[in-house]
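Asker: Contents are compact mmCIF, C-alpha atoms; file name model.txt:
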```
# COMPACT_ATOMS: atom_id res chain seq x y z
CA MET A 1 -19.42 -44.77 34.07
CA LEU A 2 -18.89 -47.31 31.31
CA HIS A 3 -19.63 -50.97 31.95
CA GLY A 4 -17.45 -53.31 29.88
CA TYR A 5 -18.69 -56.67 28.63
CA CYS A 6 -16.07 -58.17 26.38
CA VAL A 7 -13.19 -57.54 24.02
CA ARG A 8 -13.28 -58.47 20.34
CA LEU A 9 -10.84 -58.43 17.48
CA ALA A 10 -11.28 -55.36 15.29
CA GLY A 11 -13.55 -55.83 12.34
CA GLN A 12 -15.78 -58.44 13.91
CA PRO A 13 -19.54 -57.74 14.05
CA GLY A 14 -20.63 -55.14 16.58
CA PRO A 15 -23.55 -55.32 19.02
CA SER A 16 -26.86 -55.36 17.27
CA GLY A 17 -30.31 -55.87 18.75
CA VAL A 18 -29.07 -56.74 22.21
CA ALA A 19 -29.77 -54.81 25.42
CA GLY A 20 -27.20 -54.47 28.16
CA VAL A 21 -27.37 -54.22 31.94
CA GLY A 22 -30.52 -52.51 33.08
CA GLY A 23 -31.66 -52.25 29.46
CA ALA A 24 -28.82 -49.90 28.51
CA ALA A 25 -27.71 -49.70 24.89
CA VAL A 26 -24.61 -51.69 24.02
CA GLU A 27 -21.96 -49.75 22.10
CA LEU A 28 -18.70 -50.59 20.38
CA LEU A 29 -15.40 -48.72 20.69
CA GLU A 30 -12.71 -49.98 18.36
CA ASN A 31 -9.14 -49.26 17.34
CA ASP A 32 -7.24 -50.90 14.51
CA ARG A 33 -6.64 -54.10 16.50
CA LEU A 34 -9.32 -54.52 19.16
CA GLY A 35 -12.84 -53.49 20.06
CA ILE A 36 -14.80 -53.46 23.28
CA TRP A 37 -18.54 -53.77 23.89
CA PHE A 38 -19.77 -51.47 26.65
CA SER A 39 -22.78 -49.61 28.06
CA ARG A 40 -23.15 -46.26 29.75
CA VAL A 41 -24.52 -46.89 33.24
CA GLU A 42 -25.22 -44.80 36.29
CA VAL A 43 -24.55 -47.32 39.01
CA GLU A 44 -22.97 -50.73 39.17
CA PRO A 45 -24.91 -52.88 41.61
CA ALA A 46 -24.65 -56.65 41.34
CA SER A 47 -27.85 -58.60 41.10
CA LEU A 48 -28.81 -61.78 39.37
CA THR A 49 -30.78 -59.74 36.86
CA ARG A 50 -27.74 -57.65 35.97
CA LEU A 51 -25.51 -60.71 35.86
CA ARG A 52 -27.92 -62.25 33.39
CA ASP A 53 -28.06 -59.01 31.39
CA HIS A 54 -24.28 -59.00 31.21
CA GLU A 55 -24.11 -62.63 30.14
CA VAL A 56 -26.75 -62.12 27.45
CA VAL A 57 -24.50 -59.51 25.84
CA VAL A 58 -21.39 -61.69 26.06
CA ARG A 59 -23.26 -64.60 24.49
CA ALA A 60 -24.52 -62.35 21.73
CA ALA A 61 -20.88 -61.61 20.95
CA LEU A 62 -20.01 -65.31 21.23
CA LEU A 63 -22.51 -66.14 18.54
CA SER A 64 -20.41 -64.57 15.79
CA ALA A 65 -16.90 -65.01 17.20
CA THR A 66 -15.38 -65.85 20.58
CA PRO A 67 -14.76 -62.70 22.66
CA LEU A 68 -12.57 -62.25 25.72
CA PRO A 69 -15.13 -61.79 28.53
CA LEU A 70 -14.44 -59.11 31.11
CA ARG A 71 -15.12 -59.91 34.73
CA PHE A 72 -18.49 -58.50 35.79
CA GLY A 73 -18.06 -55.07 37.31
CA SER A 74 -15.25 -53.97 35.00
CA VAL A 75 -15.98 -50.26 34.75
CA PHE A 76 -14.24 -47.35 33.07
CA SER A 77 -14.69 -43.70 33.93
CA ASP A 78 -14.86 -42.49 30.32
CA GLU A 79 -14.04 -43.32 26.72
CA ALA A 80 -10.48 -42.08 27.14
CA GLU A 81 -9.92 -44.83 29.70
CA LEU A 82 -11.47 -47.38 27.34
CA THR A 83 -9.23 -46.18 24.53
CA ALA A 84 -6.16 -46.52 26.73
CA PHE A 85 -7.24 -50.01 27.76
CA LEU A 86 -7.48 -51.10 24.13
CA HIS A 87 -4.23 -49.34 23.23
CA ASP A 88 -2.32 -51.43 25.78
CA GLY A 89 -3.85 -54.59 24.36
CA ASP A 90 -0.83 -56.74 23.51
CA GLY A 91 -1.73 -59.18 26.27
CA LEU A 92 -5.28 -59.37 24.97
CA LEU A 93 -4.07 -60.17 21.45
CA GLU A 94 -1.98 -63.01 22.86
CA LYS A 95 -5.08 -64.39 24.56
CA PHE A 96 -7.00 -64.27 21.28
CA THR A 97 -4.20 -66.21 19.60
CA ARG A 98 -4.37 -68.91 22.28
CA ILE A 99 -8.17 -69.11 22.51
CA GLY A 100 -8.97 -68.95 18.80
CA ASN A 101 -12.66 -69.37 18.19
CA ARG A 102 -13.13 -72.08 20.77
CA VAL A 103 -15.83 -71.94 23.45
CA GLU A 104 -15.96 -72.97 27.07
CA MET A 105 -18.25 -75.70 28.33
CA GLY A 106 -18.86 -76.32 32.00
CA CYS A 107 -19.44 -79.57 33.84
CA ARG A 108 -20.57 -79.46 37.46
CA VAL A 109 -20.72 -82.66 39.49
CA SER A 110 -22.38 -83.39 42.79
CA SER A 111 -23.33 -86.48 44.72
CA ILE A 112 -26.91 -87.67 44.93
CA ALA A 113 -26.02 -89.34 48.23
CA ALA A 114 -25.93 -87.63 51.61
CA LYS A 115 -23.94 -84.47 52.01
CA SER A 116 -20.39 -84.51 53.22
CA ASN A 117 -19.82 -86.02 56.63
CA ALA A 118 -16.92 -83.70 57.30
CA GLY A 119 -19.10 -80.90 58.54
CA GLN A 120 -21.33 -83.19 60.57
CA LYS A 121 -18.40 -84.50 62.57
CA SER A 122 -17.85 -81.18 64.21
CA SER A 123 -21.43 -80.86 65.38
CA GLY A 124 -21.08 -83.60 68.04
CA ALA A 125 -20.53 -83.24 71.78
CA SER A 126 -17.61 -81.22 73.07
CA PRO A 127 -14.40 -83.25 73.38
CA ALA A 128 -13.55 -84.43 76.87
CA SER A 129 -9.93 -83.34 76.69
CA GLY A 130 -7.43 -81.48 74.63
CA ARG A 131 -6.12 -84.77 73.28
CA ALA A 132 -9.62 -85.82 72.23
CA TYR A 133 -10.08 -82.45 70.55
CA LEU A 134 -6.86 -82.81 68.57
CA GLU A 135 -7.67 -86.40 67.63
CA GLY A 136 -11.07 -85.26 66.44
CA LYS A 137 -9.43 -82.57 64.37
CA ARG A 138 -7.04 -85.10 62.86
CA GLU A 139 -9.91 -87.42 61.97
CA ALA A 140 -11.81 -84.57 60.34
CA MET A 141 -8.76 -83.57 58.32
CA GLN A 142 -8.18 -87.17 57.22
CA LEU A 143 -11.81 -87.50 56.23
CA ALA A 144 -11.69 -84.25 54.27
CA ALA A 145 -8.52 -85.35 52.48
CA SER A 146 -10.11 -88.68 51.65
CA GLU A 147 -13.20 -86.96 50.27
CA ARG A 148 -11.05 -84.70 48.10
CA GLU A 149 -9.16 -87.70 46.75
CA SER A 150 -12.42 -89.46 45.91
CA ALA A 151 -13.79 -86.32 44.27
CA ALA A 152 -10.65 -85.89 42.18
CA ALA A 153 -10.91 -89.53 41.07
CA ILE A 154 -14.53 -89.00 39.99
CA LEU A 155 -13.57 -85.93 37.95
CA GLU A 156 -10.77 -87.93 36.32
CA GLU A 157 -13.25 -90.70 35.50
CA ILE A 158 -15.57 -88.21 33.81
CA GLU A 159 -12.59 -86.72 32.01
CA ARG A 160 -11.83 -90.11 30.50
CA ASP A 161 -15.28 -90.12 28.89
CA LEU A 162 -14.27 -86.88 27.16
CA ALA A 163 -10.84 -88.09 26.14
CA ASP A 164 -11.54 -88.07 22.41
CA ILE A 165 -12.58 -84.41 22.50
CA GLU A 166 -9.62 -82.11 22.03
CA ALA A 167 -9.87 -79.56 24.83
CA GLU A 168 -8.00 -77.67 27.48
CA VAL A 169 -9.39 -78.36 30.93
CA VAL A 170 -9.52 -76.61 34.29
CA ARG A 171 -10.58 -78.81 37.20
CA GLU A 172 -11.79 -77.61 40.58
CA VAL A 173 -12.45 -80.07 43.40
CA ASP A 174 -15.08 -78.80 45.83
CA THR A 175 -16.39 -81.22 48.44
CA SER A 176 -18.60 -78.77 50.30
CA GLU A 177 -22.34 -79.35 50.63
CA GLY A 178 -22.48 -82.56 48.61
CA SER A 179 -20.54 -81.09 45.73
CA ILE A 180 -17.76 -83.02 44.05
CA GLY A 181 -16.37 -80.36 41.82
CA SER A 182 -16.49 -78.79 38.42
CA MET A 183 -14.56 -78.71 35.19
CA ALA A 184 -14.30 -76.17 32.44
CA HIS A 185 -13.32 -77.29 28.96
CA LEU A 186 -12.17 -75.09 26.11
CA LEU A 187 -13.18 -76.86 22.95
CA ARG A 188 -13.95 -76.42 19.29
CA ARG A 189 -17.44 -75.24 18.47
CA ARG A 190 -18.18 -78.33 16.46
CA ASP A 191 -17.56 -80.48 19.55
CA VAL A 192 -20.23 -78.86 21.74
CA THR A 193 -22.90 -81.40 20.87
CA LEU A 194 -20.51 -84.31 21.31
CA TYR A 195 -19.47 -82.92 24.69
CA ARG A 196 -23.07 -82.80 25.89
CA SER A 197 -23.69 -86.27 24.54
CA ARG A 198 -20.65 -87.70 26.31
CA LEU A 199 -21.72 -86.22 29.65
CA LEU A 200 -25.23 -87.53 29.18
CA GLY A 201 -23.74 -90.98 28.72
CA THR A 202 -21.68 -90.54 31.87
CA GLN A 203 -24.78 -89.46 33.76
CA GLN A 204 -26.64 -92.55 32.65
CA ARG A 205 -23.77 -94.75 33.76
CA ARG A 206 -23.43 -92.99 37.11
CA PRO A 207 -26.94 -92.39 38.52
CA ASP A 208 -25.33 -91.78 41.92
CA LEU A 209 -23.99 -88.50 40.56
CA ARG A 210 -25.65 -85.39 39.27
CA ILE A 211 -23.74 -84.16 36.25
CA THR A 212 -24.75 -80.86 34.70
CA ALA A 213 -23.32 -79.50 31.47
CA THR A 214 -23.51 -75.73 31.05
CA GLY A 215 -22.55 -73.42 28.23
CA PRO A 216 -21.34 -72.64 25.68
CA TRP A 217 -19.67 -69.81 27.58
CA ALA A 218 -17.15 -67.27 26.50
CA PRO A 219 -13.76 -68.53 27.76
CA TYR A 220 -14.03 -67.11 31.30
CA SER A 221 -11.85 -69.83 32.80
CA PHE A 222 -9.07 -69.54 30.23
CA VAL A 223 -8.25 -65.84 30.03
CA MET B 1 -17.95 -72.39 4.82
CA SER B 2 -14.84 -71.22 6.64
CA ASP B 3 -13.01 -68.14 5.51
CA PRO B 4 -9.74 -69.50 4.06
CA GLY B 5 -7.87 -66.74 5.87
CA LEU B 6 -9.07 -67.92 9.28
CA PRO B 7 -8.16 -70.94 11.38
CA GLU B 8 -10.03 -74.13 10.61
CA ASP B 9 -12.17 -73.98 13.75
CA TRP B 10 -13.20 -70.39 13.16
CA ASN B 11 -16.27 -71.48 11.23
CA LEU B 12 -19.35 -70.85 13.34
CA GLU B 13 -21.23 -74.01 14.09
CA LEU B 14 -23.37 -72.79 16.94
CA ALA B 15 -26.99 -71.94 16.37
CA PRO B 16 -28.52 -69.04 18.30
CA ASP B 17 -30.49 -71.55 20.37
CA ASP B 18 -27.22 -73.06 21.54
CA LEU B 19 -26.46 -69.81 23.28
CA LEU B 20 -29.68 -69.40 25.20
CA LEU B 21 -29.04 -68.89 28.86
CA ASP B 22 -29.61 -71.92 30.99
CA ASP B 23 -32.71 -71.83 33.15
CA PHE B 24 -31.06 -70.51 36.28
CA SER B 25 -34.29 -70.37 38.26
CA GLN B 26 -34.75 -74.10 37.79
CA ASP B 27 -31.18 -75.23 38.01
CA PRO B 28 -29.00 -74.12 40.93
CA HIS B 29 -25.99 -75.72 39.23
CA SER B 30 -26.32 -73.37 36.28
CA LEU B 31 -26.80 -70.44 38.63
CA VAL B 32 -23.61 -71.28 40.50
CA ASP B 33 -21.77 -71.55 37.20
CA LEU B 34 -23.05 -68.14 36.13
CA VAL B 35 -22.11 -66.36 39.36
CA ASN B 36 -18.78 -68.13 39.64
CA ARG B 37 -17.74 -67.20 36.13
CA LEU B 38 -18.91 -63.61 36.08
CA LEU B 39 -17.61 -62.64 39.52
CA ASP B 40 -14.51 -64.78 39.78
CA LYS B 41 -13.24 -65.29 36.23
CA GLY B 42 -12.78 -63.40 33.02
CA VAL B 43 -10.31 -60.72 31.99
CA VAL B 44 -9.32 -58.53 34.92
CA ILE B 45 -8.53 -54.94 34.12
CA THR B 46 -6.88 -52.34 36.27
CA GLY B 47 -9.51 -50.17 37.80
CA ASP B 48 -11.98 -49.91 40.61
CA ILE B 49 -15.19 -51.75 41.12
CA THR B 50 -18.10 -51.73 43.47
CA ILE B 51 -20.17 -54.85 43.77
CA SER B 52 -23.23 -54.46 45.94
CA VAL B 53 -25.79 -57.02 46.92
CA ALA B 54 -29.26 -55.96 48.00
CA GLY B 55 -28.05 -52.39 48.31
CA VAL B 56 -25.10 -53.24 50.53
CA ASP B 57 -21.59 -52.78 49.17
CA LEU B 58 -20.05 -56.22 49.21
CA VAL B 59 -16.72 -55.59 47.59
CA TYR B 60 -14.82 -52.44 46.77
CA LEU B 61 -11.27 -52.95 45.68
CA GLY B 62 -8.88 -52.68 42.82
CA LEU B 63 -9.53 -55.15 40.07
CA ASN B 64 -6.01 -56.49 40.35
CA ALA B 65 -7.28 -58.43 43.34
CA VAL B 66 -9.57 -61.40 43.37
CA LEU B 67 -13.12 -60.27 44.00
CA THR B 68 -14.89 -63.18 45.56
CA SER B 69 -15.98 -66.71 44.90
CA VAL B 70 -19.38 -68.29 45.19
CA GLN B 71 -18.35 -70.04 48.39
CA THR B 72 -17.02 -66.84 49.89
CA ALA B 73 -20.18 -65.03 48.93
CA ARG B 74 -22.20 -67.80 50.52
CA ASP B 75 -20.16 -67.60 53.70
CA HIS B 76 -20.63 -63.85 53.91
CA LEU B 77 -24.27 -63.85 53.00
CA GLY B 78 -25.10 -66.89 55.07
CA ARG B 79 -27.64 -68.10 52.62
CA SER B 80 -27.93 -70.12 49.48
CA LEU B 81 -27.30 -68.55 46.13
CA GLY B 82 -30.37 -70.41 44.95
CA ALA B 83 -32.31 -67.36 46.07
CA PRO B 84 -32.05 -64.08 44.15
CA LEU B 85 -29.45 -61.68 45.50
CA SER B 86 -31.66 -58.71 44.76
CA GLY B 87 -34.13 -57.54 42.22
CA GLY B 88 -31.59 -55.75 40.03
```
Can you give me the file's structure in the form of C-alpha cells?
Answerer:
Amino acid sequence: MLHGYCVRLAGQPGPSGVAGVGGAAVELLENDRLGIWFSRVEVEPASLTRLRDHEVVVRAALLSATPLPLRFGSVFSDEAELTAFLHDGDGLLEKFTRIGNRVEMGCRVSSIAAKSNAGQKSSGASPASGRAYLEGKREAMQLAASERESAAAILEEIERDLADIEAEVVREVDTSEGSIGSMAHLLRRRDVTLYRSRLLGTQQRRPDLRITATGPWAPYSFV
Amino acid sequence: MSDPGLPEDWNLELAPDDLLLDDFSQDPHSLVDLVNRLLDKGVVITGDITISVAGVDLVYLGLNAVLTSVQTARDHLGRSLGAPLSGG
C-alpha cells in the first residue's frame, strides 16, 4: 500500500534526503496542479516511532513551502488511486489558496495547581438517597461548567497577548487532568519567533500556568 | 527575496532548526500535540485505514469518519500517552 504524507502544489521541491515511515523512501507523484509525497509500505501500524517518522517528512516539506498534511494512516492501494485523488483536487487547491504559506503554531496550557476537583467529587461515599445523588450530580455539573468558563477566560487572556500577531485561531477548552486547553494559530512564517516570545512573556507573568509553544506545524488544524 | 509572482508571505523565513521535532520524550505536552494532530486532524481522504497500537487493531473505519482523539485513546488504553504506544 501507499502511505500518504502531504499534498503540495505542482512544481514545488520534491522529497530529498528524508526517510519516511519505517525508513521507507519518500516519493513524489505529481500532475499539472498538485503533487503528493508518499511511501510504499507493507503494513500500517501506529506507533510513536512511525508518527514521528511521518511528521519528519511533513516538516521536511514545510521547510520549502507549506503543504496540506494528510491525517496519519491515509493509505492508497496503488498509484492509480493516488492519481485519482490528485485529479479530484479542486477542494485541495481551495485550501492552498486559504492557507498560503503560513504555518501552524500550537499553544498548550495547563495548571500548575492541583488537578481538577470535578473528578474527585465522584470518588466520595455513596449518596444516601436518590435526591442526594441528583444534587451531587448537579454540583458536579456546575463545577465542571465553572471550570470550563475559567479555562476559556484563561485562553482568552493568552490570546490578548498575541493580539498584534495576525493569525487565525482554533481554541479547544479541555479541563481534564489539570489541563486548561490548547490553541492553534495559523500565522505568517516571519511571526513564529514573535509568537514564541509573546508566550514566553505570558508564561513569566503567569507562573501558575504551564504554557508550551509547539511547532511550526503544517496546518493540521486548518485544513 | 520573495518571488514577485508569489504572495508577500511566501518568502521562507524558517531555518531548518526551526523545524526540528520537539523533544517528545521530555515533554508530554509536545507528545500530546503530535498525537492529537496526526491522528485527529489533517486532510481526510476517502479510503480505509487501520490504526493498530501494540499489535492490536485500534481503529478500522472509513476515513470519512473521525478516527480518535487523544482523550479517547487514553480512555480506551487506560494509560497515559506519556509512555510509548509501541516500538514501531
Asker: So how far away is atom CA of A:Ala144 from atom CA of A:Pro127, in Å?
Answerer: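 Separating atom CA of A:Pro127 from atom CA of A:Ala144 is a distance of 19.3 Å.
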Asker: If the cut-off is 8 Å, can you tell me the residues of chain A near chain B, counting all atoms listed in the file? I'd like them as number ranges by chain.
Answerer: A: 22, 44-51, 55-56, 59-60, 63-65, 68-76, 100-102, 106, 108, 188-190, 212, 214-216, 219-223
Asker: Using only C-alpha atoms, which of A:Ala184, A:Ala80, A:Ile165, A:Leu209 sits nearest A:Ser197?
Answerer: A:Ile165
Asker: What does the structure give for the distance between atom CA of A:Ile112 and atom CA of A:Gln204, in Å to one decimal?
Answerer: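 According to the coordinates, atom CA of A:Ile112 and atom CA of A:Gln204 are separated by 13.2 Å.
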Asker: When you draw a straight line from atom CA of A:Gly181 to atom CA of A:Leu155, how long is it in Å?
Answerer: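 We find that atom CA of A:Gly181 and atom CA of A:Leu155 lie 7.3 Å from each other.
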Asker: Residues within 8 Å of (-21.5, -80.6, 46.4), file coordinates, counting only C-alpha atoms: what are they? Give the list as a PyMOL selection string.
Answerer: chain A and resi 109-111+115-116+174-181
Asker: Based on the selection just made, write C-alpha atoms of those residues as a PDB file, in the frame of the given file.
Answerer:
```
ATOM      1  CA  VAL A 109     -20.720 -82.660  39.490  1.00  0.00           C
ATOM      2  CA  SER A 110     -22.380 -83.390  42.790  1.00  0.00           C
ATOM      3  CA  SER A 111     -23.330 -86.480  44.720  1.00  0.00           C
ATOM      4  CA  LYS A 115     -23.940 -84.470  52.010  1.00  0.00           C
ATOM      5  CA  SER A 116     -20.390 -84.510  53.220  1.00  0.00           C
ATOM      6  CA  ASP A 174     -15.080 -78.800  45.830  1.00  0.00           C
ATOM      7  CA  THR A 175     -16.390 -81.220  48.440  1.00  0.00           C
ATOM      8  CA  SER A 176     -18.600 -78.770  50.300  1.00  0.00           C
ATOM      9  CA  GLU A 177     -22.340 -79.350  50.630  1.00  0.00           C
ATOM     10  CA  GLY A 178     -22.480 -82.560  48.610  1.00  0.00           C
ATOM     11  CA  SER A 179     -20.540 -81.090  45.730  1.00  0.00           C
ATOM     12  CA  ILE A 180     -17.760 -83.020  44.050  1.00  0.00           C
ATOM     13  CA  GLY A 181     -16.370 -80.360  41.820  1.00  0.00           C
TER      14      GLY A 181
END
```
Asker: Counting only C-alpha atoms, write as a ChimeraX atom specification all protein and nucleic acid residues lying at most 12 Å from (-13.2, -42.7, 30.8) in the file's frame.
Answerer: /A:1-4,29,38,40,75-85 /B:47
Asker: Using all atoms listed in the file, can you tell me which of A:Arg148, A:Arg171, A:Arg210, A:His54 comes closest to A:Ala25?
Answerer: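 Answer, going by the shortest atom-to-atom distance: A:His54.
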Asker: Applying 7 Å and all atoms listed in the file, which residues near A:His185 remain after dropping the ones on its own chain fewer than 3 positions away? List them as a list in words.
Answerer: Glu104, Met105, Gly106, Ala167, Glu168, Val169 and Val170 of chain A
Asker: Residues within 9 Å of A:Glu166, please, as a list of chain:residue names. Count only C-alpha atoms; anything in the same chain fewer than 6 positions from it doesn't count.
Answerer: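 Counting only C-alpha atoms, the residues come to A:Leu186, A:Leu187, A:Arg188, A:Asp191.
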